[in-house]
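**Student:** One structure is given below, represented as structure tokens, and several questions about it will come after.
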Amino acid sequence: MQDLDPVETQEWLDALESVLDREGEDRAHYLMTRMGELATRSGTPLPYGITTPYRNTIPVTREAKMPGDLFMERRIRSLVRWNALAMVMRANMKDPDLGGHISTFASSATLYDIGFNYFFQAPTEEHGGDLIYYQGHASPGIYSRAFLEGRLSEDQMLNFRQEVDGQGLSSYPHPHLMPDFWQFPTVSMGLGPITAIYQARFMKYLENRGFIPKGKQRVWCFIGDGECDEPETLGAISLAGRENLDNLVFVINCNLQRLDGPVRGNSKIIQELEGVFKGANWNVNKVVWGRLWDPLFAADEDGRMQRRMDEAIDGEYQNYKAKDGAYVRKHFFGADPELLKRVESMSDEEVWKLNRGGHDPYKVYAAYHQAVNHKGQPTVILAKTIKGYARAGEAKNIAHNTKKVDIDSLKMFRDRFDIPVNDSQLEELPFYRPAEDSAEMRYLRKCRDKLGGSLPQRRPKSFSIPTPPLDTLKAVLDGSGEREISTTMAFGRILSQLVKDKDLGKRIVPILADEARTFGMEGMFRQLGIYSPVGQLYEPVDRDQVMYYREEKDGQILQEGLNEAGAFSSFIAAGTAYSNYNQPMLPVYIFYSMFGFQRIGDLAWAAGDAQTRGFLLGGTAGRTTLNGEGLQHEDGHSHILASTIPNCRSYDPTYGYELAVIMHHGMHEMMELQKSVYYYITVMNENYQQPAMPQGVEEGILKGMYLLEEAKGDFKHRVQLLGSGTILREVRAAVDILAKMGVGADVWSVTSFNELRRDGLAVDHWNRLHPTDEPRKSYVEQCLEGREGPVIASTDYMKLFADQIRQWVPSREYQVLGTDGFGRSDSRAKLRDFFEVDRRWVAVAALQALAARGAIERTVVANAITEFGIDPEKRNPLDC
């Protein structure tokens with residue numbers, strides 16, 4: 001835009017500069033705000049946006065001074081770079097299929113180094129320790145530093161990505177595989193950022209509830225700029241801004257490249273992210289340029305260089321570092337003849353060395369210092385770097401997948417970083433660790449000693465919390481009498497009782513995704529309070545009711561709104577508190593089962609890796625139970641998905657007493673024995689009478705099945721009927737139908753087909769490796785062996801659910817009924833007929849199995865089909 005009155009413009013600028021000099025930023029901000037208000041009232045559009053010029057947020061005059069020895073730190077950082085490179089390359093020399101990533105750490109080494117030297121607090125008696133989410137692809141650099149510190153051996157470094165024999169290093173951060181080292185699994189893109197946000201929020205929750213001291217621990221999360229395209233990365237940043245999580249620092253490594261090309265070739269990712277985070281009320285700190293640019297900025301009185309920086313796009317900036325100094329001179333500075341004059345005294349090499357902010361330790365230190373001292377907002381540091389920094393192929397699209405380096409490139413790398421390895425050693429790629437009494441090692445240890453010790457480190461165990469006696473849940477164990485209630489209501493009663501326990505109660509973390517009233521839990525709002533960092537600043541509209549909506553600073557419930565991913569991130573944070581805070585907590589998260597594993601499966605898998613403990617309750621479960629909600633709400637496969645997670649124990653109980661026994665056992669395992677498992681339990685919204693617990697069934701409930709009802713009388717034919725969830729009631733109703741047809745039926749309540757399969761696989765494994773010993777028998781075999789007749793299993797889930805145990809069922813006639821296909825809306829009776837799982841279909845399946853073994857005539861089955869009103873030409877539910 002042309003300046004029509006330069007003199008007036010300069011007067012305005014001089015006035016603003018005078019206010020800044022004499023009265024400070026606050027006064028200048030106030031005056032500009034008032035002028036903005038005036039412009040808005042008059043309808044004049046404001047000219048400024050939510051982004052700032054493409055330069056560092058902190059001016060040179062306000063940079064905190066880095067106190068350490070720059071040259072010593074560069075020496076240590078260079079050794080870390082070398083050993084990381086050597087580790088990945090030596091692994092691929094052994095087996096080219098192992099892979100590994102070098103370029104990510106090459107671009108972020110300074111970002112980590114400054115953190116390790118000055119900011120990352122290790123746990124001590126006085127400090128709980130910072131929680132650090134390392135970018136997964138940077139793991140070689142973290143291993144390399146640990147090797148330099150003497151925490152990892154050379155043998156371990158030589159076994160990078162070679163873990164089966166027990167001495168290797170995991171490819172990425174995996175707490176399950178390295179339980180004393182890695183805190184968080186982060187390499188599944190987007191999961192680190194969202195879980196870090198909810199971790200910081202849970203840290204405040206623990207502070208406000210008095211479990212940990214206030215204001216000591218901090219969460220650091222390292223992210224790649226390409227990772228920001230994952231919805232989970234940015235999906236929860238508004239929560240962090242809204243709740244003023246000033247204990248949270250995001251460090252985004254903006255090397256401008258993702259795996260296959262530029263993140264934003266046609267625009268600027270740093271500017272885009274600045275706008276996004278500012279709009280979410282974050283403190284944004286851009287670290288774009290290194291200190292070698294400072295003299296050029298100081299001379300830029302007319303703003304020409306700033307305008308050139310603002311107009312250049314990321315695709316061009318990538319080229320500037322993929323080419324050479326002459327290219328930068330011609331294409332960056334040469335775009336403006338006046339700018340070209342400003343670098344005419346600089347050589348091409350000097351132009352080439354103009355550094356980016358993320359590689360300048362002084363600039364990074366200043367940004368970190370500002371972040372940890374900023375109050376009232378979370379901070380994001382946008383650090384501009386170069387992918388594959390200082391390596392052949394730097395800034396090129398191939399950088400991410402580079403795993404091998406030729407000898408000439410190794411020499412260049414060695415010489416650039418002054419690595420003490422001679423030419424004859426290069427092909428061997430030796431690791432280098434200075435002598436224990438060397439200046440480097442003394443400096444390295446001094447830095448970490450000031451911060452409490454080495455990182456990363458993880459606490460695998462905490463202290464035990466005693467389990468309340470099972471009799472605590474007597475009201476549920478004794479049944480509901482004549483009253484009909486759902487297992488969801490039974491769960492509410494169990495939880496209400498447990499929160500009263502003197503040892504466990506305050507450690508229970510109820511988590512809701514805005515469905516408390518659906519699950520009958522609204523009574524807990526007033527009883528326990530909903531956590532809010534500011535309490536309740538308004539009077540709730542239902543204040544005059546008994547169960548009003550009560551928010552408190554020390555509230556116990558986490559009410560996450562319509563946000564399954566966020567709720568599950570809270571579940572992970574609470575379920576790993578034993579490790580991160582030495583505070584065992586028991587998260588209990590209830591949700592629509594259809595919106596659990598299906599929607600957040602990657603987080604559920606990460607929860608297993610993170611060694612999370614807690615209860616997941618899949619509410620209104622089953623494909624025919626939530627009958628009116630239709631295809632998107634009716635779950636017939638969540639247990640199949642749960643079965644894919646090795647340390648997830650899943651159950652589908654029918655009765656309240658089964659639920660009580662399972663939850664009691666889970667509490668004992670997780671809180672008292674400190675086993676790193678979590679439980680998935682489905683509960684239903686169908687009301688029926690809840691019977692009292694029969695004697696002696698506890699073991700069977702936990703193992704997965706028990707004999708609930710044995711056929712009485714003299715029957716010519718017998719069958720074994722298995723059922724779970726609400727369909728067990730249809731199975732029990734089928735007993736009377738079969739009895740009228742001369743068939744006796746034993747009924748088995750199967751609380752967990754998944755646990756039965758787990759047991760069967762374990763027995764098979766033992767038998768395979770002990771061929772000369774007496775073969776063991778699976779629990780399914782122990783239950784059904786010697787029992788007469790075919791076996792029929794019926795559930796409200798896909799046939800695959802019950803089919804998992806087929807190989808251990810003694811009878812060759814094993815019929816499985818299930819709800820394969822898309823759900824739909826109708827009455828429960830109609831749906832169970834449609835999916836062929838009601839009592840009539842159970843009876844027909846039993847008769848068909850008897851006919852298949854020749855025990856009855858096939859006409860008996862045909863007659864039954866006619867009698868039951870079943871259409872033989874009925875469409876298969878799987879036919880779409």
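Chain identifiers are assigned as A, B, and so on, following the order in which chains appear in the structure tokens; residues are numbered from 1 within each chain, and ligands are numbered from 1 in order of appearance.
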For Ala236 (chain A), work out the shell of residues within 8 Å, counting only C-alpha atoms and skipping chain neighbours fewer than 4 positions away, then give it as a list of chain:residue names.
**Tutor:**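 Those residues are A:Ile194, A:Ile197, A:Glu232, A:Ala240, A:Gly566.
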**Student:** Mind dumping the selected residues with C-alpha atoms as a PDB file, in the first residue's frame?
**Tutor:**
```
ATOM      1  CA  ILE A 194      -3.070 -34.537  22.817  1.00  0.00           C
ATOM      2  CA  ILE A 197      -2.178 -31.496  27.006  1.00  0.00           C
ATOM      3  CA  GLU A 232      -5.128 -34.940  17.448  1.00  0.00           C
ATOM      4  CA  ALA A 240      -4.891 -25.815  27.262  1.00  0.00           C
ATOM      5  CA  GLY A 566      -9.786 -36.119  25.259  1.00  0.00           C
TER       6      GLY A 566
END
```
**Student:** Tell me, which residues of region 734-870 of chain A carry DSSP helix (DSSP H, G or I), written as an MDAnalysis selection string?
**Tutor:** chainID A and resid 734:740 753:769 779:784 799:803 806:808 828:834 839:852 858:867
**Student:** Got a sec: who's within 7 Å of region 514-530 of chain A, counting only C-alpha atoms, leaving out chain neighbours fewer than 3 positions off, as a ChimeraX atom specification?
**Tutor:** /A:488-489,492,547-552,555-562
**Student:** Using N, CA and C atoms, can you write the selected residues to a file as a compact mmCIF listing (two decimals), in the first residue's frame?
**Tutor:**
```
# COMPACT_ATOMS: atom_id res chain seq x y z
N THR A 488 -25.75 -51.08 33.94
CA THR A 488 -25.24 -49.72 34.06
C THR A 488 -25.61 -49.13 35.42
N MET A 489 -26.84 -49.37 35.85
CA MET A 489 -27.26 -48.89 37.18
C MET A 489 -26.49 -49.63 38.27
N GLY A 492 -23.25 -47.95 38.64
CA GLY A 492 -23.37 -46.71 39.41
C GLY A 492 -23.38 -46.98 40.91
N MET A 547 -29.67 -32.93 42.61
CA MET A 547 -28.50 -33.37 41.84
C MET A 547 -28.07 -32.27 40.87
N TYR A 548 -27.72 -31.10 41.39
CA TYR A 548 -27.36 -30.00 40.52
C TYR A 548 -25.91 -30.12 40.03
N TYR A 549 -25.61 -29.33 39.02
CA TYR A 549 -24.31 -29.38 38.34
C TYR A 549 -23.32 -28.53 39.13
N ARG A 550 -22.44 -29.19 39.87
CA ARG A 550 -21.53 -28.48 40.78
C ARG A 550 -20.08 -28.60 40.31
N GLU A 551 -19.46 -27.47 40.01
CA GLU A 551 -18.05 -27.43 39.64
C GLU A 551 -17.23 -26.89 40.80
N GLU A 552 -16.07 -27.51 41.03
CA GLU A 552 -15.21 -27.11 42.15
C GLU A 552 -13.75 -27.21 41.74
N GLY A 555 -12.78 -30.58 42.56
CA GLY A 555 -13.75 -31.59 42.12
C GLY A 555 -13.06 -32.87 41.69
N GLN A 556 -13.75 -33.98 41.86
CA GLN A 556 -13.15 -35.29 41.60
C GLN A 556 -13.47 -35.81 40.20
N ILE A 557 -14.60 -35.39 39.63
CA ILE A 557 -15.03 -35.89 38.32
C ILE A 557 -14.36 -35.08 37.21
N LEU A 558 -13.90 -35.77 36.18
CA LEU A 558 -13.45 -35.11 34.97
C LEU A 558 -14.56 -35.20 33.93
N GLN A 559 -15.22 -34.09 33.69
CA GLN A 559 -16.31 -34.02 32.72
C GLN A 559 -15.73 -33.43 31.43
N GLU A 560 -15.55 -34.28 30.41
CA GLU A 560 -14.77 -33.88 29.24
C GLU A 560 -15.61 -33.33 28.10
N GLY A 561 -16.92 -33.31 28.24
CA GLY A 561 -17.74 -32.88 27.12
C GLY A 561 -17.77 -33.95 26.04
N LEU A 562 -18.23 -33.57 24.86
CA LEU A 562 -18.35 -34.53 23.76
C LEU A 562 -16.98 -34.73 23.12
```
**Student:** CA of Gly235 (chain A) and CA of Leu259 (chain A) are how many Å apart?
**Tutor:** 21.6 Å
**Student:** My list of candidates is A:Met693, A:Val677, A:Ala621, A:Met89. Which is closest to Ile407 (chain A) when distances are computed with only C-alpha atoms?
**Tutor:**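 Closest residue, counting only C-alpha atoms: A:Met89.
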**Student:** Could you please determine the separation between CA of Lys461 (chain A) and CA of Gln183 (chain A) in Å, to one decimal place?
**Tutor:**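 These atoms are spaced 12.6 Å apart.
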**Student:** Find the residues near region 765-780 of chain A: any atom within 10 Å, counting only C-alpha atoms, skip ones fewer than 3 places away on the same chain, and give them as a CSV table (one decimal) with N, CA and C atoms, in the first residue's frame.
**Tutor:**
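Heads up, here's the output in result31.csv:
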```csv
chain,number,residue,atom,x,y,z
A,700,GLY,N,-14.9,-68.7,38.3
A,700,GLY,CA,-15.4,-68.9,37.0
A,700,GLY,C,-15.7,-67.5,36.3
A,703,LYS,N,-12.3,-66.2,35.3
A,703,LYS,CA,-11.6,-66.9,34.2
A,703,LYS,C,-12.4,-66.8,32.9
A,704,GLY,N,-13.7,-66.6,33.0
A,704,GLY,CA,-14.4,-66.3,31.8
A,704,GLY,C,-15.7,-67.1,31.6
A,705,MET,N,-15.9,-68.2,32.4
A,705,MET,CA,-17.2,-68.9,32.2
A,705,MET,C,-17.5,-69.7,33.5
A,706,TYR,N,-18.7,-69.9,33.7
A,706,TYR,CA,-19.1,-70.8,34.8
A,706,TYR,C,-20.5,-71.4,34.6
A,753,PHE,N,-15.1,-64.2,26.6
A,753,PHE,CA,-14.6,-65.0,25.5
A,753,PHE,C,-13.1,-64.7,25.3
A,755,GLU,N,-10.9,-63.6,27.6
A,755,GLU,CA,-10.0,-64.2,28.6
A,755,GLU,C,-9.9,-65.8,28.4
A,756,LEU,N,-11.0,-66.4,27.9
A,756,LEU,CA,-11.0,-67.8,27.6
A,756,LEU,C,-10.0,-68.1,26.5
A,757,ARG,N,-9.9,-67.2,25.5
A,757,ARG,CA,-9.0,-67.4,24.4
A,757,ARG,C,-7.5,-67.2,24.9
A,758,ARG,N,-7.4,-66.2,25.8
A,758,ARG,CA,-6.0,-65.9,26.3
A,758,ARG,C,-5.5,-67.1,27.1
A,759,ASP,N,-6.4,-67.8,27.9
A,759,ASP,CA,-6.0,-69.0,28.6
A,759,ASP,C,-5.7,-70.1,27.7
A,760,GLY,N,-6.5,-70.3,26.6
A,760,GLY,CA,-6.3,-71.4,25.7
A,760,GLY,C,-5.0,-71.3,25.0
A,761,LEU,N,-4.7,-70.1,24.5
A,761,LEU,CA,-3.4,-69.8,23.9
A,761,LEU,C,-2.2,-70.1,24.8
A,762,ALA,N,-2.3,-69.7,26.0
A,762,ALA,CA,-1.3,-70.0,27.0
A,762,ALA,C,-1.0,-71.5,27.2
A,783,CYS,N,-14.1,-77.1,31.6
A,783,CYS,CA,-15.5,-76.8,31.9
A,783,CYS,C,-16.4,-77.8,31.1
A,784,LEU,N,-16.1,-78.0,29.8
A,784,LEU,CA,-17.0,-78.7,28.9
A,784,LEU,C,-16.7,-80.1,28.7
A,785,GLU,N,-15.5,-80.6,29.1
A,785,GLU,CA,-15.2,-82.0,28.9
A,785,GLU,C,-16.1,-82.9,29.7
A,805,ILE,N,-13.0,-69.3,20.7
A,805,ILE,CA,-12.6,-70.5,21.5
A,805,ILE,C,-12.9,-71.8,20.8
A,806,ARG,N,-13.2,-71.8,19.6
A,806,ARG,CA,-13.6,-73.0,18.9
A,806,ARG,C,-12.6,-74.1,19.0
A,807,GLN,N,-11.3,-73.9,18.9
A,807,GLN,CA,-10.4,-74.9,19.0
A,807,GLN,C,-10.3,-75.7,20.3
A,808,TRP,N,-10.9,-75.1,21.4
A,808,TRP,CA,-10.8,-75.7,22.7
A,808,TRP,C,-12.1,-76.3,23.1
A,809,VAL,N,-13.2,-76.1,22.3
A,809,VAL,CA,-14.5,-76.7,22.6
A,809,VAL,C,-14.4,-78.2,22.2
A,810,PRO,N,-14.7,-79.1,23.2
A,810,PRO,CA,-14.6,-80.6,22.9
A,810,PRO,C,-15.5,-81.1,21.8
```
**Student:** Restricting the calculation to only C-alpha atoms, which member of A:Gly453, A:Gly115, A:Gly481, A:Gly128 is positioned closest to Phe211 (chain A)?
**Tutor:**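 With only C-alpha atoms as the atom set, the closest residue is A:Gly128.
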**Student:** Apply DSSP to the structure's backbone, then extract all residues of region 464-527 of chain A labelled strand (DSSP E) and return them as number ranges by chain.
**Tutor:** A: 484-485, 508-512
**Student:** Report as an MDAnalysis selection string all protein, DNA and RNA residues lying within 7 Å of region 168-178 of chain A, evaluated on only C-alpha atoms, omitting residues in the same chain fewer than 2 positions from it.
**Tutor:** chainID A and resid 136:137 139 156 159:163 166 180:187 609:611
**Student:** Write out as a list in words which residues come within 7 Å of Phe868 (chain A) when counting only C-alpha atoms, dropping same-chain ones fewer than 3 positions away.
**Tutor:** Arg840, Ala864 and Ile865 of chain A
**Student:** Give me the residues within 7 Å of Leu721 (chain A) as a PyMOL selection string, counting only C-alpha atoms and dropping any in the same chain fewer than 3 places off.
**Tutor:** chain A and resi 731+745-748+791-793
**Student:** Of the residues A:Thr61, A:Gln257, A:Gln121, A:Ser409, which is the one nearest to Asp294 (chain A), using only C-alpha atoms?
**Tutor:**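 Under the stated criterion, the closest residue is A:Thr61.
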**Student:** Work out how far apart CA of Pro872 (chain A) and CA of Arg858 (chain A) are and give it in Å to one decimal.
**Tutor:**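 One can read the CA of Pro872 (chain A) to CA of Arg858 (chain A) distance as 14.2 Å.
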